[in-house]
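Trainee: Okay, so here is protein.cif, and as you'll see once you scroll down, it has mmCIF, C-alpha atoms.
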data_input
loop_
_atom_site.group_PDB
_atom_site.id
_atom_site.type_symbol
_atom_site.label_atom_id
_atom_site.label_comp_id
_atom_site.auth_asym_id
_atom_site.auth_seq_id
_atom_site.Cartn_x
_atom_site.Cartn_y
_atom_site.Cartn_z
ATOM 1 C CA MET A 239 -5.277 23.377 -7.289
ATOM 2 C CA PRO A 240 -6.400 24.615 -3.874
ATOM 3 C CA THR A 241 -4.702 23.037 -0.888
ATOM 4 C CA VAL A 242 -6.976 20.705 1.003
ATOM 5 C CA LYS A 243 -6.546 21.147 4.719
ATOM 6 C CA SER A 244 -9.475 19.544 6.441
ATOM 7 C CA LEU A 245 -12.264 17.033 6.126
ATOM 8 C CA GLU A 246 -14.607 19.966 5.439
ATOM 9 C CA ASP A 247 -12.488 20.808 2.379
ATOM 10 C CA LEU A 248 -12.764 17.202 1.231
ATOM 11 C CA LYS A 249 -16.562 17.337 1.483
ATOM 12 C CA ARG A 250 -16.569 20.568 -0.508
ATOM 13 C CA ILE A 251 -14.393 19.017 -3.254
ATOM 14 C CA ARG A 252 -16.699 16.059 -3.409
ATOM 15 C CA ASP A 253 -19.833 18.222 -3.626
ATOM 16 C CA GLU A 254 -18.361 20.475 -6.315
ATOM 17 C CA ALA A 255 -17.228 17.542 -8.424
ATOM 18 C CA LEU A 256 -20.635 15.925 -8.117
ATOM 19 C CA LYS A 257 -22.391 19.182 -9.040
ATOM 20 C CA LYS A 258 -20.381 19.499 -12.251
ATOM 21 C CA ARG A 259 -21.527 16.171 -13.550
ATOM 22 C CA ASP A 260 -24.451 13.870 -13.306
ATOM 23 C CA ILE A 261 -23.985 11.362 -10.464
ATOM 24 C CA ARG A 262 -23.647 8.386 -12.762
ATOM 25 C CA SER A 263 -20.722 9.857 -14.655
ATOM 26 C CA ILE A 264 -18.714 9.762 -11.442
ATOM 27 C CA GLU A 265 -18.230 6.160 -12.528
ATOM 28 C CA SER A 266 -14.667 6.435 -13.696
ATOM 29 C CA ARG A 267 -13.730 6.575 -17.335
ATOM 30 C CA VAL A 268 -10.503 4.661 -16.816
ATOM 31 C CA GLN A 269 -9.724 2.033 -14.234
ATOM 32 C CA ILE A 270 -6.111 1.184 -13.435
ATOM 33 C CA VAL A 271 -5.250 -2.017 -11.595
ATOM 34 C CA VAL A 272 -1.774 -2.676 -10.185
ATOM 35 C CA ALA A 273 -0.752 -6.226 -9.182
ATOM 36 C CA MET A 274 0.590 -6.037 -5.631
ATOM 37 C CA GLY A 275 1.452 -9.616 -4.671
ATOM 38 C CA THR A 276 4.873 -10.430 -3.230
ATOM 39 C CA PRO A 277 6.493 -10.732 -6.707
ATOM 40 C CA GLY A 278 4.985 -7.409 -7.789
ATOM 41 C CA ILE A 279 6.164 -5.611 -4.651
ATOM 42 C CA ALA A 280 9.636 -7.128 -4.979
ATOM 43 C CA ALA A 281 9.791 -5.925 -8.599
ATOM 44 C CA GLY A 282 8.860 -2.348 -7.656
ATOM 45 C CA ALA A 283 5.060 -2.204 -8.022
ATOM 46 C CA ARG A 284 4.644 0.181 -5.078
ATOM 47 C CA ASP A 285 6.775 2.867 -6.693
ATOM 48 C CA THR A 286 4.987 2.318 -10.010
ATOM 49 C CA LEU A 287 1.646 2.870 -8.252
ATOM 50 C CA LYS A 288 3.017 5.913 -6.446
ATOM 51 C CA GLU A 289 4.132 7.367 -9.806
ATOM 52 C CA ILE A 290 0.632 6.806 -11.234
ATOM 53 C CA LEU A 291 -0.881 8.654 -8.241
ATOM 54 C CA THR A 292 1.661 11.466 -8.650
ATOM 55 C CA ILE A 293 0.720 11.916 -12.321
ATOM 56 C CA ILE A 294 -3.008 11.940 -11.481
ATOM 57 C CA GLU A 295 -2.278 14.656 -8.925
ATOM 58 C CA GLN A 296 0.071 16.714 -11.146
ATOM 59 C CA ARG A 297 -2.079 16.556 -14.262
ATOM 60 C CA ASN A 298 -5.306 16.935 -12.276
ATOM 61 C CA LEU A 299 -6.868 13.846 -13.852
ATOM 62 C CA THR A 300 -10.378 13.198 -12.617
ATOM 63 C CA GLU A 301 -12.499 10.156 -13.581
ATOM 64 C CA ILE A 302 -9.705 7.674 -12.923
ATOM 65 C CA THR A 303 -9.810 5.025 -10.258
ATOM 66 C CA VAL A 304 -6.784 3.044 -9.174
ATOM 67 C CA ARG A 305 -6.992 -0.269 -7.390
ATOM 68 C CA GLN A 306 -4.451 -2.766 -6.289
ATOM 69 C CA THR A 307 -4.950 -6.470 -6.513
ATOM 70 C CA GLY A 308 -3.058 -9.614 -5.527
ATOM 71 C CA ASN A 309 -0.785 -11.713 -7.644
ATOM 72 C CA MET A 310 -1.974 -12.068 -11.259
ATOM 73 C CA GLY A 311 0.283 -15.048 -11.971
ATOM 74 C CA LEU A 312 2.487 -13.126 -14.419
ATOM 75 C CA ASP A 313 5.581 -13.137 -12.211
ATOM 76 C CA SER A 314 8.201 -12.718 -14.909
ATOM 77 C CA TRP A 315 6.351 -9.617 -16.161
ATOM 78 C CA GLU A 316 6.107 -7.761 -12.845
ATOM 79 C CA PRO A 317 5.300 -5.009 -12.170
ATOM 80 C CA VAL A 318 2.027 -5.674 -14.013
ATOM 81 C CA VAL A 319 -0.532 -2.908 -14.607
ATOM 82 C CA GLN A 320 -3.935 -3.184 -16.282
ATOM 83 C CA VAL A 321 -5.679 -0.269 -17.935
ATOM 84 C CA ILE A 322 -9.421 -0.781 -18.331
ATOM 85 C CA THR A 323 -11.392 1.600 -20.539
ATOM 86 C CA GLY A 324 -15.005 0.639 -21.170
ATOM 87 C CA SER A 325 -14.872 -2.988 -22.235
ATOM 88 C CA ALA A 326 -11.199 -2.959 -23.303
ATOM 89 C CA THR A 327 -8.550 -4.295 -20.909
ATOM 90 C CA THR A 328 -4.869 -3.825 -21.710
ATOM 91 C CA THR A 329 -2.298 -5.676 -19.609
ATOM 92 C CA TYR A 330 1.134 -4.089 -19.410
ATOM 93 C CA GLY A 331 4.292 -5.748 -18.098
ATOM 94 C CA ARG A 332 7.575 -4.573 -16.592
ATOM 95 C CA VAL A 333 5.970 -1.247 -15.802
ATOM 96 C CA THR A 334 8.700 0.809 -14.162
ATOM 97 C CA PRO A 335 7.778 4.312 -12.938
ATOM 98 C CA PHE A 336 9.209 5.569 -16.253
ATOM 99 C CA ALA A 337 6.997 3.190 -18.254
ATOM 100 C CA ALA A 338 4.037 4.168 -16.072
ATOM 101 C CA ARG A 339 4.498 7.819 -17.019
ATOM 102 C CA GLU A 340 4.500 6.884 -20.710
ATOM 103 C CA ILE A 341 1.380 4.731 -20.315
ATOM 104 C CA MET A 342 -0.396 7.519 -18.410
ATOM 105 C CA GLU A 343 0.471 10.149 -21.035
ATOM 106 C CA LYS A 344 -0.164 8.093 -24.173
ATOM 107 C CA HIS A 345 -2.890 5.631 -23.171
ATOM 108 C CA VAL A 346 -4.816 6.987 -20.182
ATOM 109 C CA ILE A 347 -4.734 10.619 -21.401
ATOM 110 C CA GLY A 348 -4.119 10.135 -25.124
ATOM 111 C CA GLY A 349 -6.195 7.008 -25.706
ATOM 112 C CA ALA A 350 -3.506 5.090 -27.628
ATOM 113 C CA VAL A 351 -2.247 1.730 -26.367
ATOM 114 C CA VAL A 352 1.533 1.715 -25.763
ATOM 115 C CA THR A 353 2.315 -1.519 -27.585
ATOM 116 C CA GLU A 354 5.925 -1.884 -26.459
ATOM 117 C CA TYR A 355 4.838 -2.631 -22.872
ATOM 118 C CA VAL A 356 1.836 -4.839 -23.673
ATOM 119 C CA ILE A 357 2.255 -8.426 -22.485
ATOM 120 C CA PRO A 358 1.897 -10.583 -25.591
ATOM 121 C CA GLY A 359 -1.215 -12.771 -25.337
ATOM 122 C CA MET B 167 12.788 -6.460 -0.780
ATOM 123 C CA LYS B 168 15.140 -3.808 0.454
ATOM 124 C CA GLU B 169 12.861 -1.801 2.738
ATOM 125 C CA ILE B 170 10.917 -2.648 5.861
ATOM 126 C CA ALA B 171 8.124 -0.488 4.409
ATOM 127 C CA LEU B 172 7.870 -2.889 1.451
ATOM 128 C CA HIS B 173 7.582 -5.856 3.812
ATOM 129 C CA LEU B 174 4.778 -4.011 5.615
ATOM 130 C CA LEU B 175 3.023 -3.575 2.271
ATOM 131 C CA ASP B 176 3.481 -7.273 1.559
ATOM 132 C CA LEU B 177 2.077 -8.262 4.974
ATOM 133 C CA ALA B 178 -0.855 -5.870 4.486
ATOM 134 C CA GLU B 179 -1.580 -7.472 1.119
ATOM 135 C CA ASN B 180 -1.697 -10.837 2.898
ATOM 136 C CA SER B 181 -4.284 -9.330 5.254
ATOM 137 C CA VAL B 182 -6.419 -8.150 2.333
ATOM 138 C CA SER B 183 -6.136 -11.602 0.744
ATOM 139 C CA ALA B 184 -7.334 -13.016 4.069
ATOM 140 C CA ARG B 185 -10.496 -10.892 3.602
ATOM 141 C CA ALA B 186 -9.644 -8.411 6.350
ATOM 142 C CA THR B 187 -11.895 -5.351 6.566
ATOM 143 C CA ARG B 188 -9.713 -3.590 9.138
ATOM 144 C CA VAL B 189 -5.911 -3.543 9.175
ATOM 145 C CA ARG B 190 -3.654 -1.764 11.616
ATOM 146 C CA ILE B 191 0.056 -1.141 11.000
ATOM 147 C CA ASP B 192 2.267 0.054 13.863
ATOM 148 C CA VAL B 193 5.852 1.218 13.503
ATOM 149 C CA LEU B 194 8.048 2.030 16.506
ATOM 150 C CA GLU B 195 11.537 3.481 16.308
ATOM 151 C CA ASP B 196 12.791 3.302 19.867
ATOM 152 C CA PHE B 197 16.182 4.875 20.446
ATOM 153 C CA ARG B 198 15.978 4.324 24.202
ATOM 154 C CA THR B 199 16.123 0.550 23.786
ATOM 155 C CA ASP B 200 17.718 0.526 20.300
ATOM 156 C CA ARG B 201 14.753 -1.377 18.813
ATOM 157 C CA LEU B 202 12.783 -1.056 15.642
ATOM 158 C CA ALA B 203 9.440 -2.855 15.962
ATOM 159 C CA VAL B 204 6.746 -3.192 13.317
ATOM 160 C CA SER B 205 3.458 -5.048 13.301
ATOM 161 C CA VAL B 206 0.498 -5.681 11.036
ATOM 162 C CA GLU B 207 -2.752 -6.748 12.653
ATOM 163 C CA ASP B 208 -5.938 -7.675 10.808
ATOM 164 C CA ASN B 209 -9.433 -9.047 11.360
ATOM 165 C CA GLY B 210 -9.190 -11.468 8.441
ATOM 166 C CA VAL B 211 -9.941 -15.185 8.349
ATOM 167 C CA GLY B 212 -6.911 -16.108 10.486
ATOM 168 C CA MET B 213 -4.904 -19.306 10.406
ATOM 169 C CA SER B 214 -4.825 -22.605 12.243
ATOM 170 C CA GLU B 215 -1.936 -23.434 14.553
ATOM 171 C CA GLU B 216 -0.420 -25.686 11.936
ATOM 172 C CA THR B 217 -0.619 -23.033 9.215
ATOM 173 C CA VAL B 218 1.039 -20.516 11.554
ATOM 174 C CA ARG B 219 3.896 -22.981 12.037
ATOM 175 C CA GLN B 220 4.237 -23.469 8.312
ATOM 176 C CA VAL B 221 3.951 -19.799 7.412
ATOM 177 C CA THR B 222 7.583 -19.011 8.157
ATOM 178 C CA ASP B 223 8.704 -21.952 6.056
ATOM 179 C CA PRO B 224 9.835 -20.730 2.614
ATOM 180 C CA PHE B 225 8.256 -23.706 0.880
ATOM 181 C CA PHE B 226 4.805 -23.154 2.292
ATOM 182 C CA THR B 227 2.071 -21.029 0.744
ATOM 183 C CA SER B 228 -1.705 -21.315 0.688
ATOM 184 C CA ARG B 229 -1.667 -20.040 -2.853
ATOM 185 C CA THR B 230 -2.014 -22.612 -5.586
ATOM 186 C CA THR B 231 -0.608 -20.660 -8.540
ATOM 187 C CA ARG B 232 3.004 -20.949 -7.416
ATOM 188 C CA ASN B 233 4.520 -23.040 -4.676
ATOM 189 C CA VAL B 234 6.977 -20.671 -3.059
ATOM 190 C CA GLY B 235 5.894 -17.848 -0.751
ATOM 191 C CA LEU B 236 8.906 -15.880 0.354
ATOM 192 C CA GLY B 237 7.544 -12.768 2.025
ATOM 193 C CA ILE B 238 7.365 -13.817 5.697
ATOM 194 C CA PRO B 239 10.369 -16.215 5.713
ATOM 195 C CA LEU B 240 12.598 -13.488 4.261
ATOM 196 C CA LEU B 241 11.444 -10.923 6.804
ATOM 197 C CA LYS B 242 11.990 -13.475 9.589
ATOM 198 C CA SER B 243 15.563 -14.222 8.540
ATOM 199 C CA CYS B 244 16.320 -10.492 8.195
ATOM 200 C CA ALA B 245 14.936 -9.823 11.685
ATOM 201 C CA GLU B 246 16.875 -12.710 13.235
ATOM 202 C CA MET B 247 20.054 -11.587 11.514
ATOM 203 C CA CYS B 248 19.594 -8.211 13.251
ATOM 204 C CA SER B 249 19.247 -9.542 16.826
ATOM 205 C CA GLY B 250 15.468 -9.444 16.530
ATOM 206 C CA GLY B 251 12.763 -11.841 15.513
ATOM 207 C CA LEU B 252 9.395 -12.434 13.928
ATOM 208 C CA ARG B 253 6.243 -13.692 15.569
ATOM 209 C CA VAL B 254 2.901 -14.673 14.052
ATOM 210 C CA ILE B 255 -0.167 -14.802 16.283
ATOM 211 C CA SER B 256 -3.349 -16.008 14.676
ATOM 212 C CA ASN B 257 -6.673 -17.634 15.371
ATOM 213 C CA PRO B 258 -9.094 -18.958 12.772
ATOM 214 C CA GLY B 259 -11.952 -16.472 12.503
ATOM 215 C CA ALA B 260 -10.236 -13.879 14.701
ATOM 216 C CA GLY B 261 -7.508 -12.472 12.477
ATOM 217 C CA THR B 262 -3.733 -12.391 12.416
ATOM 218 C CA ARG B 263 -0.962 -10.323 13.925
ATOM 219 C CA VAL B 264 2.574 -10.399 12.552
ATOM 220 C CA GLU B 265 5.319 -8.648 14.531
ATOM 221 C CA ALA B 266 8.935 -8.145 13.585
ATOM 222 C CA THR B 267 11.682 -6.545 15.656
ATOM 223 C CA PHE B 268 15.209 -5.475 14.816
ATOM 224 C CA GLN B 269 18.148 -4.020 16.668
ATOM 225 C CA HIS B 270 17.824 -0.465 15.382
ATOM 226 C CA SER B 271 21.559 0.188 15.079
ATOM 227 C CA HIS B 272 22.394 -3.216 13.574
ATOM 228 C CA ILE B 273 24.707 -2.824 10.592
ATOM 229 C CA ASP B 274 22.713 -5.327 8.503
ATOM 230 C CA ARG B 275 19.294 -3.861 9.241
ATOM 231 C CA MET B 276 17.520 -2.812 6.066
ATOM 232 C CA PRO B 277 16.244 0.778 6.020
ATOM 233 C CA LEU B 278 12.718 1.527 7.174
ATOM 234 C CA GLY B 279 12.090 2.936 3.703
ATOM 235 C CA ASP B 280 9.253 4.991 2.292
ATOM 236 C CA LEU B 281 6.402 4.673 4.795
ATOM 237 C CA THR B 282 4.414 7.417 3.039
ATOM 238 C CA ALA B 283 4.393 5.424 -0.215
ATOM 239 C CA THR B 284 3.295 2.241 1.565
ATOM 240 C CA PHE B 285 0.522 3.921 3.569
ATOM 241 C CA LEU B 286 -0.634 6.072 0.639
ATOM 242 C CA THR B 287 -0.946 3.207 -1.827
ATOM 243 C CA LEU B 288 -2.768 0.989 0.700
ATOM 244 C CA THR B 289 -5.260 3.703 1.681
ATOM 245 C CA LEU B 290 -6.054 4.872 -1.827
ATOM 246 C CA ALA B 291 -5.994 1.623 -3.768
ATOM 247 C CA HIS B 292 -7.875 -0.548 -1.245
ATOM 248 C CA PRO B 293 -10.936 1.636 -0.637
ATOM 249 C CA ASP B 294 -12.943 -1.161 1.002
ATOM 250 C CA VAL B 295 -10.484 -1.700 3.855
ATOM 251 C CA HIS B 296 -10.331 0.416 7.012
ATOM 252 C CA TRP B 297 -6.658 1.344 7.518
ATOM 253 C CA ILE B 298 -5.027 2.570 10.716
ATOM 254 C CA PHE B 299 -1.347 3.479 10.777
ATOM 255 C CA THR B 300 0.744 4.606 13.702
ATOM 256 C CA TYR B 301 4.341 5.735 13.751
ATOM 257 C CA THR B 302 6.083 6.259 17.088
ATOM 258 C CA TYR B 303 9.468 7.893 17.432
ATOM 259 C CA ALA B 304 10.985 7.478 20.878
ATOM 260 C CA PRO B 305 14.098 9.656 21.134
ATOM 261 C CA PRO B 306 16.963 8.725 23.450
ATOM 262 C CA PHE B 307 16.997 10.121 26.997
ATOM 263 C CA LYS B 308 13.860 11.119 28.750
ATOM 264 C CA SER B 309 11.721 13.103 26.338
ATOM 265 C CA ALA B 310 8.306 11.653 25.585
ATOM 266 C CA PRO B 311 7.749 9.603 22.416
ATOM 267 C CA HIS B 312 6.235 11.390 19.423
ATOM 268 C CA VAL B 313 3.262 9.567 17.949
ATOM 269 C CA PHE B 314 1.610 10.021 14.574
ATOM 270 C CA GLU B 315 -1.667 8.231 14.018
ATOM 271 C CA PHE B 316 -3.544 8.063 10.740
ATOM 272 C CA ASP B 317 -7.028 6.561 10.553
ATOM 273 C CA ASP B 318 -8.645 6.674 7.116
ATOM 274 C CA GLN B 319 -12.208 6.170 8.362
ATOM 275 C CA PRO B 320 -13.109 9.886 8.761
ATOM 276 C CA ILE B 321 -11.764 10.587 5.256
ATOM 277 C CA LYS B 322 -13.744 7.776 3.696
ATOM 278 C CA ALA B 323 -16.851 8.838 5.629
ATOM 279 C CA ALA B 324 -16.505 12.460 4.435
ATOM 280 C CA LEU B 325 -16.083 11.315 0.832
ATOM 281 C CA ASP B 326 -19.081 8.964 1.059
ATOM 282 C CA GLY B 327 -18.201 6.777 -1.926
ATOM 283 C CA PHE B 328 -16.491 9.539 -3.922
ATOM 284 C CA PRO B 329 -13.329 8.163 -5.624
ATOM 285 C CA LEU B 330 -10.237 8.245 -3.418
ATOM 286 C CA THR B 331 -8.036 8.632 -6.471
ATOM 287 C CA HIS B 332 -9.457 12.078 -7.293
ATOM 288 C CA PRO B 333 -6.389 14.388 -7.576
ATOM 289 C CA ASP B 334 -7.407 16.613 -4.645
ATOM 290 C CA VAL B 335 -8.005 13.601 -2.418
ATOM 291 C CA ILE B 336 -4.615 12.118 -3.322
ATOM 292 C CA ALA B 337 -3.005 15.468 -2.445
ATOM 293 C CA TYR B 338 -4.836 15.609 0.884
ATOM 294 C CA VAL B 339 -3.910 12.078 1.970
ATOM 295 C CA ARG B 340 -0.324 12.430 0.743
ATOM 296 C CA THR B 341 0.339 15.682 2.580
ATOM 297 C CA THR B 342 -1.387 14.409 5.745
ATOM 298 C CA LEU B 343 0.950 11.385 5.779
ATOM 299 C CA GLU B 344 4.105 13.285 4.775
ATOM 300 C CA GLU B 345 3.602 16.088 7.286
ATOM 301 C CA GLY B 346 2.497 13.746 10.083
ATOM 302 C CA LEU B 347 5.537 11.482 9.692
ATOM 303 C CA ALA B 348 7.928 14.439 9.382
ATOM 304 C CA GLU B 349 6.444 16.068 12.483
ATOM 305 C CA ALA B 350 6.834 12.874 14.554
ATOM 306 C CA ARG B 351 10.488 12.569 13.534
ATOM 307 C CA ARG B 352 11.316 16.178 14.424
#
What's the structure tokens form of this structure?
Mentor:
Amino acid sequence: MPTVKSLEDLKRIRDEALKKRDIRSIESRVQIVVAMGTPGIAAGARDTLKEILTIIEQRNLTEITVRQTGNMGLDSWEPVVQVITGSATTTYGRVTPFAAREIMEKHVIGGAVVTEYVIPG
Amino acid sequence: MKEIALHLLDLAENSVSARATRVRIDVLEDFRTDRLAVSVEDNGVGMSEETVRQVTDPFFTSRTTRNVGLGIPLLKSCAEMCSGGLRVISNPGAGTRVEATFQHSHIDRMPLGDLTATFLTLTLAHPDVHWIFTYTYAPPFKSAPHVFEFDDQPIKAALDGFPLTHPDVIAYVRTTLEEGLAEARR
């Protein structure tokens, strides 16, 4: 991965990525949402999110967007992370950075839900 | 919460919940006066005088899902325990500013923590908010303070809607923050 040093480099990365694909497909394939209310932060959600960003960077994963949201009302399950692929939403609980790595490898990259972290409906 | 950086994240989340479109976080480590001062200022919906009074009360929250909001009261008691304090300035429609100060050398002061992680996650995972972060390191004696300022607007303008969580963009923002903070502390 080339080192990005300036805003000009950022523009170039953007243009190259857009050239490779049709504009619409820049819509991400997977959306990841991390609950970042007070209970989430207290339970370690920031470091979980940082781990997710680190994996995206290390594994060079494009087509993923990550958002943070407020409290989801699942306090005893924090940190809570949702993985949204197409119309399917999976809600994971007690997602430590370690669990996040497993979810990234198996679900986001591999396409298989990691049942042991899924919050039972 | 064991880091001041996590409290800053929590306060910034409050700003986003208050529909802020611009949030500024300032951190000052001042070794000349032995103070650590942090503030979060937003242009969100703001609060009435009464709400400001209640906001440091642990049994007050405007949220309806749960009836205990502990973020600000905890930060306030930590600051007061460390010969500092917490102040909330707000006006309905004009936004909110929360400031906390600590005696830098106080034995009970929690560590500043991972500012890069807090700034990185806010910038990348709240793409619709304009973030400005400053970190000022004022060394003892007479040398001038070192200031690092990060404004995400030029980055977001250059990307023009392109996802911020693209791996190369993450790398760019992360190294900009890491190197900027390290440089200011040198």
Trainee: What does the structure give for the distance between CA of Gly210 in chain B and CA of Arg190 in chain B, in Å to one decimal?
Mentor: 11.6 Å
Trainee: Find the distance between CA of Asp208 in chain B and CA of Leu290 in chain B and write it in Å to one decimal.
Mentor: 17.8 Å
Trainee: For chain B, report every residue with an atom at most 6 Å from chain A (counting all atoms listed in the file), formatted as a ChimeraX atom specification.
Mentor: /B:167,176,291,324,331-333,338
Trainee: Restricting the output to C-alpha atoms, write the selected residues as a CSV table (one decimal), in the frame of the given file.
Mentor:
chain,number,residue,atom,x,y,z
B,167,MET,CA,12.8,-6.5,-0.8
B,176,ASP,CA,3.5,-7.3,1.6
B,291,ALA,CA,-6.0,1.6,-3.8
B,324,ALA,CA,-16.5,12.5,4.4
B,331,THR,CA,-8.0,8.6,-6.5
B,332,HIS,CA,-9.5,12.1,-7.3
B,333,PRO,CA,-6.4,14.4,-7.6
B,338,TYR,CA,-4.8,15.6,0.9
Trainee: Can you spell out as a PyMOL selection string the set of residues that the PyMOL selection byres ((chain B and resi 244) around 12) selects in the structure I just provided?
Mentor: chain B and resi 167-170+173+237-243+245-252+266-269+272-277
Trainee: Quick check on the file I pasted: which residues fall under the PyMOL selection byres ((chain B and resi 323) around 12)? Write them as an NGL selection string.
Mentor: (:A and (245-246 or 248-249 or 252)) or (:B and (293-294 or 296 or 317-322 or 324-330))
Trainee: Could you write those residues out with C-alpha atoms, as an mmCIF file, in the frame of the given file?
Mentor:
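New file part_13.cif:
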data_model
loop_
_atom_site.group_PDB
_atom_site.id
_atom_site.type_symbol
_atom_site.label_atom_id
_atom_site.label_comp_id
_atom_site.auth_asym_id
_atom_site.auth_seq_id
_atom_site.Cartn_x
_atom_site.Cartn_y
_atom_site.Cartn_z
ATOM 1 C CA LEU A 245 -12.264 17.033 6.126
ATOM 2 C CA GLU A 246 -14.607 19.966 5.439
ATOM 3 C CA LEU A 248 -12.764 17.202 1.231
ATOM 4 C CA LYS A 249 -16.562 17.337 1.483
ATOM 5 C CA ARG A 252 -16.699 16.059 -3.409
ATOM 6 C CA PRO B 293 -10.936 1.636 -0.637
ATOM 7 C CA ASP B 294 -12.943 -1.161 1.002
ATOM 8 C CA HIS B 296 -10.331 0.416 7.012
ATOM 9 C CA ASP B 317 -7.028 6.561 10.553
ATOM 10 C CA ASP B 318 -8.645 6.674 7.116
ATOM 11 C CA GLN B 319 -12.208 6.170 8.362
ATOM 12 C CA PRO B 320 -13.109 9.886 8.761
ATOM 13 C CA ILE B 321 -11.764 10.587 5.256
ATOM 14 C CA LYS B 322 -13.744 7.776 3.696
ATOM 15 C CA ALA B 324 -16.505 12.460 4.435
ATOM 16 C CA LEU B 325 -16.083 11.315 0.832
ATOM 17 C CA ASP B 326 -19.081 8.964 1.059
ATOM 18 C CA GLY B 327 -18.201 6.777 -1.926
ATOM 19 C CA PHE B 328 -16.491 9.539 -3.922
ATOM 20 C CA PRO B 329 -13.329 8.163 -5.624
ATOM 21 C CA LEU B 330 -10.237 8.245 -3.418
#
Trainee: So, counting only C-alpha atoms, which residue among B:Asn257, B:Val193, B:Val182, B:Thr187 is closest to Met213 in chain B?
Mentor: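 The answer is B:Asn257, which sits nearest to Met213 in chain B.
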Trainee: Once the PyMOL selection byres ((chain A and resi 358) around 10) has been applied to the shown file, what residues remain in the selection, as a PDB file with C-alpha atoms, keeping the file's coordinate frame?
Mentor:
ATOM      1  CA  THR A 329      -2.298  -5.676 -19.609  1.00  0.00           C
ATOM      2  CA  TYR A 330       1.134  -4.089 -19.410  1.00  0.00           C
ATOM      3  CA  GLY A 331       4.292  -5.748 -18.098  1.00  0.00           C
ATOM      4  CA  THR A 353       2.315  -1.519 -27.585  1.00  0.00           C
ATOM      5  CA  GLU A 354       5.925  -1.884 -26.459  1.00  0.00           C
ATOM      6  CA  TYR A 355       4.838  -2.631 -22.872  1.00  0.00           C
ATOM      7  CA  VAL A 356       1.836  -4.839 -23.673  1.00  0.00           C
ATOM      8  CA  ILE A 357       2.255  -8.426 -22.485  1.00  0.00           C
ATOM      9  CA  GLY A 359      -1.215 -12.771 -25.337  1.00  0.00           C
TER      10      GLY A 359
END
Trainee: In Å to one decimal, how far is CA of Thr282 in chain B from CA of Leu174 in chain B?
Mentor: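 So the two atoms, CA of Leu174 in chain B and CA of Thr282 in chain B, lie 11.7 Å apart.
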Trainee: Anything within 12 Å of (10.8, 15.3, 14.5): list those residues as a ChimeraX atom specification, counting only C-alpha atoms and sticking to the file's coordinates.
Mentor: /B:195,301-305,310-314,344-352
Trainee: Taking all atoms listed in the file into account, name the residue in A:Val346, A:Ile290, A:Glu316, A:Ile341 that is nearest to Val268 in chain A.
Mentor: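 Of the candidates, the smallest distance to Val268 in chain A is held by A:Val346.
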Trainee: When you look at Pro306 in chain B with a cut-off of 8 Å (counting all atoms listed in the file), what residues show up, excluding the ones that are within fewer than 2 positions of it in the same chain? I need them as a list in words.
Mentor: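 Here the answer would be Asp196, Phe197, Arg198, Ala304, Lys308 and Ser309 of chain B.
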Trainee: Could you save those same residues with C-alpha atoms as a PDB file, keeping the file's coordinate frame?
Mentor:
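Listing of out-v2.pdb after writing:
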ATOM      1  CA  ASP B 196      12.791   3.302  19.867  1.00  0.00           C
ATOM      2  CA  PHE B 197      16.182   4.875  20.446  1.00  0.00           C
ATOM      3  CA  ARG B 198      15.978   4.324  24.202  1.00  0.00           C
ATOM      4  CA  ALA B 304      10.985   7.478  20.878  1.00  0.00           C
ATOM      5  CA  LYS B 308      13.860  11.119  28.750  1.00  0.00           C
ATOM      6  CA  SER B 309      11.721  13.103  26.338  1.00  0.00           C
TER       7      SER B 309
END
Trainee: Kindly compute an axis-aligned box around the listed atoms of range 311-324 of chain A, allowing 3 Å on each side, and express its centre and edge lengths in Å to one decimal as lines of an AutoDock Vina configuration file.
Mentor:
center_x = -3.4
center_y = -6.7
center_z = -16.6
size_x = 29.2
size_y = 22.6
size_z = 15.2
Trainee: Using all atoms listed in the file, determine which residues lie at most 8 Å from Leu288 in chain B, disregarding the query and same-chain residues fewer than 3 positions distant; provide the list as a PyMOL selection string.
Mentor: chain B and resi 175+284-285+291-292+297
Trainee: Between A:Thr286, A:Ala273, A:Ser314, A:Arg267, which one has atoms that come closest to Arg339 in chain A, using all atoms listed in the file?
Mentor: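 Closest to Arg339 in chain A, using all atoms listed in the file: A:Thr286.
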